[in-house]
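> Before we start, here is the structure in question, set down as structure tokens.
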Amino acid sequence: MLNNSLVALDRAHLVHPVASYRQHERNGVRVITSAKGATVFDAAGRPLIDGFAGLWCVNAGYGHESIVEAAARQMRELPYATAYFGLGSESAIRLAAELAERAPGDLNHVYFTLGGSDAVDTTVRLIRYYQTVRGKPEKDQFISIEQGYHGSSTVGAGLTAIPIFHAHFGAPFDWQHKIPSAYPYRNPVGTDDAAIIAASLQALKAKVEAVGGPERVAAFYAEPIQGSGGVIVPPRGWMKAMRDLCAALDILFVADEVITGFGRTGPLFASTEDDIVPDLMTVAKGLTSGYVPMGAVFLSDKVYDTIADGAGNAAVGHGTTYSAHPVSAAVGLEVLRLYEDGLLDNGRRAGARLMKGLNGLGDHPLVGEVRGRGMLAAVELVTDKAAKTPLPAAADTARRIFDRAWNQGLVIRAFGNGILGYAPPLCCTDEEIDAIVERTRLVLDETL
Ligand code: PLP
């Protein structure tokens, strides 16, 4: 009853993100009512394992009393303090310091946002500022990667390379250029790591030249693992090679760790494992484990100091009311404590088990490839393994796979091209990981 009226209210009033509005009206919403650990409960009280941690964000799992308590304490003491006018709050200052201490290299300066899209947006604005005040305003072109996702803000959506984020929006994306994804499973140069890296380096060099040379290019953006593009894992060494090329060409390198940050691939930041220090780094999602909204941009000393010196006594005109929100920061501090109090370790253990389990599905006739790192994985389905023929790209392919998983008591991401995405909470037990794998096999059998 309650659910029926909610479905009607939802249909009439709630505009859902990245959805076919008409299809959603027809299908109706599924309401999640509560959650604990790695389990969410639907309106009928049925438990489902959340194999996608909400939207790759609830890394700590649901129902942590200590996180709730940290937020409540902060709300009682000081629910809001602006970071404008030279003011600040203790939780935001401490979180910035704790993050800077753990970030790669000299990423010592942290600007807080509300999520990933405005973190990416912030990088675009600050990079333009940086290039201008250092006397290179003509460095105004940006390069990112096919199948990349960098959010859906007006500016940042230009960096995203998923067609629905551009079609019909009419935004001026002509400052934005793409190179092919490294995508080992479907790379025209084959599967050899060195060949893939060489091809990407060549593609970036060629794109830079096509755009007018290094003197025109401001920055290059890469996700350590392309998440929304289908969990595409580049070869080891790929990030470092691309980062080094950017340094040689005087092009800023931005690591977008909105998904990979905070233990998703094992360490706190994937860049550490990739052995790179980006010029800028974006995070969100796991920063607060999704309990409250927050994202952040890390700036290297070089970028921060150049902007600071360039602005002099003028204010750098970038900011929002809720930047460095004290409640989000208090949650961030507690979540960080949890990561280091065993969650990262559990995530590594569970990630190894997940990859082993999913790899065991490789013998299924529909499975073309299993890939991933840590608690971030994908199973790519094909109709012909040798030819790597994708599933028919019917509009409802993803929905049908999602529904089958849902009916098995499992939430996963089903991409339209027949890729199943996994990003379970790092708190998963062995039994939960095994159940994710077993239920996936049932979904595959039904999909045959
Ligand atoms: N960057 C990456 C790599 C992402 O995966 C996402 C979201 O999934 C974003 C940016 C945008 O973040 P948000 O949805 O918090 O705005």
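Residue numbers start at 1 in each chain; chains themselves are named A, B, ... in the order of the structure tokens; ligands are numbered from 1 in the order shown.
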Find the residues around segment 174-185 of chain A up to 8 Å (only C-alpha atoms counted), leave out those fewer than 2 positions away in its own chain, and share them as a PDB file with C-alpha atoms, in the first residue's frame.


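Result file part-v1.pdb:
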ATOM      1  CA  ASP A 140      42.779  26.355 -23.138  1.00  0.00           C
ATOM      2  CA  GLN A 141      42.160  22.934 -24.699  1.00  0.00           C
ATOM      3  CA  PHE A 142      41.424  19.793 -22.655  1.00  0.00           C
ATOM      4  CA  ILE A 143      41.898  16.135 -23.534  1.00  0.00           C
ATOM      5  CA  SER A 144      40.169  13.125 -21.984  1.00  0.00           C
ATOM      6  CA  ILE A 145      39.425   9.551 -23.035  1.00  0.00           C
ATOM      7  CA  GLU A 146      36.687   7.725 -24.916  1.00  0.00           C
ATOM      8  CA  GLN A 147      34.368   5.854 -22.518  1.00  0.00           C
ATOM      9  CA  GLY A 148      35.545   8.212 -19.757  1.00  0.00           C
ATOM     10  CA  GLY A 158      32.423  18.003 -21.881  1.00  0.00           C
ATOM     11  CA  LEU A 159      35.153  15.775 -20.477  1.00  0.00           C
ATOM     12  CA  ALA A 161      32.768  10.744 -23.305  1.00  0.00           C
ATOM     13  CA  PRO A 172      29.879  24.280 -26.252  1.00  0.00           C
ATOM     14  CA  ASN A 187      42.007  -2.713 -28.288  1.00  0.00           C
ATOM     15  CA  GLY A 190      45.773  -6.469 -29.250  1.00  0.00           C
ATOM     16  CA  THR A 191      46.176  -7.390 -25.613  1.00  0.00           C
ATOM     17  CA  ASP A 192      49.909  -6.851 -25.078  1.00  0.00           C
ATOM     18  CA  ASP A 193      50.431  -4.298 -22.281  1.00  0.00           C
ATOM     19  CA  ILE A 196      48.554  -0.791 -25.584  1.00  0.00           C
ATOM     20  CA  ILE A 197      50.605   1.738 -23.623  1.00  0.00           C
ATOM     21  CA  SER A 200      47.898   5.445 -26.005  1.00  0.00           C
ATOM     22  CA  ALA A 203      47.338   8.813 -29.569  1.00  0.00           C
ATOM     23  CA  LEU A 204      47.908  11.515 -26.955  1.00  0.00           C
ATOM     24  CA  LYS A 207      45.895  14.619 -30.401  1.00  0.00           C
ATOM     25  CA  ILE A 232      37.839  -0.727 -18.095  1.00  0.00           C
ATOM     26  CA  VAL A 233      41.189  -1.520 -16.496  1.00  0.00           C
ATOM     27  CA  PRO A 234      44.236  -0.168 -18.335  1.00  0.00           C
ATOM     28  CA  PRO A 235      47.477  -2.162 -18.156  1.00  0.00           C
ATOM     29  CA  GLU A 369      36.070 -11.287 -20.030  1.00  0.00           C
TER      30      GLU A 369
END

> For segment 98-107 of chain A, work out the shell of residues within 7 Å, counting only C-alpha atoms and skipping chain neighbours fewer than 2 positions away, then give it as a list in words.

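Returned residues: Arg94, Leu95, Ala96, His109, Thr272, Val277, Phe298, Leu299, Ser300 and Asp301 of chain A.
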
> Compare A:Tyr322, A:Pro424, A:Arg22, A:Ile49 by their minimum atom-to-atom distance to Gln408 of chain A, counting only C-alpha atoms, and give me the closest one.

A:Ile49

> Considering only C-alpha atoms and all ligand atoms, state which residue in the set A:Tyr149, A:Phe41, A:Phe169, A:Tyr111 is at the smallest distance from ligand 1.

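Selected residue with least distance to ligand 1: A:Tyr149.
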
> For ligand 1, list the contacting residues at 10 Å or closer, counting only C-alpha atoms and all ligand atoms, as a PyMOL selection string.

chain A and resi 17+55-57+113-121+148-153+156-157+159-160+221-229+255-261+282-285+290+293-295

> How about saving the chosen residues, C-alpha atoms kept, as a PDB file, in the first residue's frame?


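Listed below is the output, result-v1.pdb:
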ATOM      1  CA  PRO A  17      19.123  11.235 -12.772  1.00  0.00           C
ATOM      2  CA  LEU A  55      26.475   4.081  -6.773  1.00  0.00           C
ATOM      3  CA  TRP A  56      30.061   2.945  -6.087  1.00  0.00           C
ATOM      4  CA  CYS A  57      30.024   5.012  -2.931  1.00  0.00           C
ATOM      5  CA  THR A 113      32.973  20.261  -3.130  1.00  0.00           C
ATOM      6  CA  LEU A 114      29.568  18.589  -2.859  1.00  0.00           C
ATOM      7  CA  GLY A 115      30.363  15.645  -5.115  1.00  0.00           C
ATOM      8  CA  GLY A 116      32.350  14.479  -8.102  1.00  0.00           C
ATOM      9  CA  SER A 117      30.814  16.605 -10.847  1.00  0.00           C
ATOM     10  CA  ASP A 118      31.567  19.887  -9.138  1.00  0.00           C
ATOM     11  CA  ALA A 119      35.010  18.578  -8.196  1.00  0.00           C
ATOM     12  CA  VAL A 120      35.718  18.068 -11.915  1.00  0.00           C
ATOM     13  CA  ASP A 121      34.169  21.440 -12.686  1.00  0.00           C
ATOM     14  CA  GLY A 148      35.545   8.212 -19.757  1.00  0.00           C
ATOM     15  CA  TYR A 149      33.116   9.644 -17.231  1.00  0.00           C
ATOM     16  CA  HIS A 150      33.790  12.869 -15.380  1.00  0.00           C
ATOM     17  CA  GLY A 151      30.358  13.928 -14.217  1.00  0.00           C
ATOM     18  CA  SER A 152      27.483  15.889 -15.658  1.00  0.00           C
ATOM     19  CA  SER A 153      28.060  19.537 -14.796  1.00  0.00           C
ATOM     20  CA  GLY A 156      32.657  18.937 -16.828  1.00  0.00           C
ATOM     21  CA  ALA A 157      30.199  16.967 -18.982  1.00  0.00           C
ATOM     22  CA  LEU A 159      35.153  15.775 -20.477  1.00  0.00           C
ATOM     23  CA  THR A 160      32.715  12.885 -20.158  1.00  0.00           C
ATOM     24  CA  TYR A 221      42.148  13.724 -17.559  1.00  0.00           C
ATOM     25  CA  ALA A 222      42.238  10.020 -16.768  1.00  0.00           C
ATOM     26  CA  GLU A 223      40.437   7.652 -14.410  1.00  0.00           C
ATOM     27  CA  PRO A 224      42.823   5.008 -13.001  1.00  0.00           C
ATOM     28  CA  ILE A 225      40.057   2.558 -13.978  1.00  0.00           C
ATOM     29  CA  GLN A 226      37.289   3.795 -16.269  1.00  0.00           C
ATOM     30  CA  GLY A 227      34.199   3.206 -14.168  1.00  0.00           C
ATOM     31  CA  SER A 228      30.997   4.282 -15.898  1.00  0.00           C
ATOM     32  CA  GLY A 229      32.491   3.411 -19.290  1.00  0.00           C
ATOM     33  CA  ALA A 255      43.625  11.793 -11.943  1.00  0.00           C
ATOM     34  CA  ASP A 256      39.872  11.440 -11.492  1.00  0.00           C
ATOM     35  CA  GLU A 257      39.643   9.151  -8.464  1.00  0.00           C
ATOM     36  CA  VAL A 258      35.965   9.747  -7.758  1.00  0.00           C
ATOM     37  CA  ILE A 259      35.362   5.989  -7.967  1.00  0.00           C
ATOM     38  CA  THR A 260      38.830   4.565  -7.343  1.00  0.00           C
ATOM     39  CA  GLY A 261      39.576   6.648  -4.239  1.00  0.00           C
ATOM     40  CA  THR A 282      39.449  14.562  -7.734  1.00  0.00           C
ATOM     41  CA  VAL A 283      37.618  12.384  -5.192  1.00  0.00           C
ATOM     42  CA  ALA A 284      34.039  12.039  -3.844  1.00  0.00           C
ATOM     43  CA  LYS A 285      31.855   8.962  -3.144  1.00  0.00           C
ATOM     44  CA  GLY A 290      27.864   8.209   0.632  1.00  0.00           C
ATOM     45  CA  PRO A 293      27.458  14.567   0.017  1.00  0.00           C
ATOM     46  CA  MET A 294      31.068  15.664  -0.342  1.00  0.00           C
ATOM     47  CA  GLY A 295      33.842  15.671  -2.916  1.00  0.00           C
TER      48      GLY A 295
END

> Got a sec: who's within 12 Å of segment 341-356 of chain A, counting only C-alpha atoms, leaving out chain neighbours fewer than 4 positions off, as a PyMOL selection string?

chain A and resi 37+51+58-61+261-269+286+289+334-337+360-362+369-379+422-438+440

> Go through segment 96-179 of chain A and collect every residue that DSSP, computed from the backbone, puts in strand (DSSP E or B); the answer should be as a PyMOL selection string.

chain A and resi 109-113+141-145+176-179

> Skipping near chain neighbours, those fewer than 5 positions away, what residues fall within 12 Å of Lys385 of chain A using only C-alpha atoms, listed as a PyMOL selection string?

chain A and resi 185+362-369+380+390-391

> Keeping N, CA and C atoms, export the residues of the selection given above as a PDB file, in the first residue's frame.


ATOM      1  N   TYR A 185      40.562  -5.461 -23.652  1.00  0.00           N
ATOM      2  CA  TYR A 185      39.765  -6.539 -24.269  1.00  0.00           C
ATOM      3  C   TYR A 185      39.384  -6.208 -25.710  1.00  0.00           C
ATOM      4  N   GLY A 362      34.406 -17.629 -15.819  1.00  0.00           N
ATOM      5  CA  GLY A 362      34.983 -17.514 -17.168  1.00  0.00           C
ATOM      6  C   GLY A 362      34.585 -18.653 -18.089  1.00  0.00           C
ATOM      7  N   ASP A 363      34.218 -19.812 -17.502  1.00  0.00           N
ATOM      8  CA  ASP A 363      33.850 -20.957 -18.348  1.00  0.00           C
ATOM      9  C   ASP A 363      32.413 -20.843 -18.873  1.00  0.00           C
ATOM     10  N   HIS A 364      31.667 -19.858 -18.360  1.00  0.00           N
ATOM     11  CA  HIS A 364      30.273 -19.728 -18.808  1.00  0.00           C
ATOM     12  C   HIS A 364      30.250 -19.267 -20.269  1.00  0.00           C
ATOM     13  N   PRO A 365      29.352 -19.855 -21.073  1.00  0.00           N
ATOM     14  CA  PRO A 365      29.357 -19.522 -22.511  1.00  0.00           C
ATOM     15  C   PRO A 365      29.154 -18.026 -22.816  1.00  0.00           C
ATOM     16  N   LEU A 366      28.573 -17.289 -21.889  1.00  0.00           N
ATOM     17  CA  LEU A 366      28.303 -15.871 -22.167  1.00  0.00           C
ATOM     18  C   LEU A 366      29.439 -14.938 -21.748  1.00  0.00           C
ATOM     19  N   VAL A 367      30.396 -15.472 -20.980  1.00  0.00           N
ATOM     20  CA  VAL A 367      31.400 -14.574 -20.387  1.00  0.00           C
ATOM     21  C   VAL A 367      32.587 -14.385 -21.331  1.00  0.00           C
ATOM     22  N   GLY A 368      32.748 -13.159 -21.811  1.00  0.00           N
ATOM     23  CA  GLY A 368      33.880 -12.842 -22.681  1.00  0.00           C
ATOM     24  C   GLY A 368      35.108 -12.500 -21.883  1.00  0.00           C
ATOM     25  N   GLU A 369      34.922 -11.677 -20.850  1.00  0.00           N
ATOM     26  CA  GLU A 369      36.070 -11.287 -20.030  1.00  0.00           C
ATOM     27  C   GLU A 369      35.610 -10.968 -18.613  1.00  0.00           C
ATOM     28  N   GLU A 380      32.188  -8.993 -18.705  1.00  0.00           N
ATOM     29  CA  GLU A 380      31.683  -8.537 -20.009  1.00  0.00           C
ATOM     30  C   GLU A 380      31.083  -9.731 -20.745  1.00  0.00           C
ATOM     31  N   PRO A 390      29.429  -8.430 -28.881  1.00  0.00           N
ATOM     32  CA  PRO A 390      28.677  -7.933 -27.727  1.00  0.00           C
ATOM     33  C   PRO A 390      27.240  -8.415 -27.757  1.00  0.00           C
ATOM     34  N   LEU A 391      26.574  -8.396 -26.599  1.00  0.00           N
ATOM     35  CA  LEU A 391      25.143  -8.692 -26.574  1.00  0.00           C
ATOM     36  C   LEU A 391      24.438  -7.662 -27.442  1.00  0.00           C
TER      37      LEU A 391
END

> DSSP on the backbone, helix (DSSP H, G or I) only: what residues of segment 147-365 of chain A does that give? Format it as JSON, numbers by chain.

{"A": [156, 157, 158, 163, 164, 165, 184, 185, 186, 193, 194, 195, 196, 197, 198, 199, 200, 201, 202, 203, 204, 205, 206, 207, 208, 209, 210, 211, 214, 215, 216, 238, 239, 240, 241, 242, 243, 244, 245, 246, 247, 248, 270, 271, 272, 273, 285, 286, 287, 301, 302, 303, 304, 305, 306, 307, 308, 309, 310, 311, 326, 327, 328, 329, 330, 331, 332, 333, 334, 335, 336, 337, 338, 339, 340, 341, 342, 343, 344, 345, 346, 347, 348, 349, 350, 351, 352, 353, 354, 355, 356, 357, 358, 359, 360, 361, 362, 363]}

> Which one of A:Gly409, A:Pro79, A:Gly170, A:Gly421 sits closest to Leu48 of chain A if you count only C-alpha atoms?

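Selected residue with least distance to Leu48 of chain A: A:Gly409.
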
> Quick one: distance from atom CA of Ala38 of chain A to atom CA of Asp403 of chain A in Å, one decimal?

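Atom-to-atom, atom CA of Ala38 of chain A and atom CA of Asp403 of chain A are spaced 18.9 Å apart.
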
> Between atom CA of Lys205 of chain A and atom CA of Leu245 of chain A, what is the distance in Å, rounded to a tenth?

8.4 Å
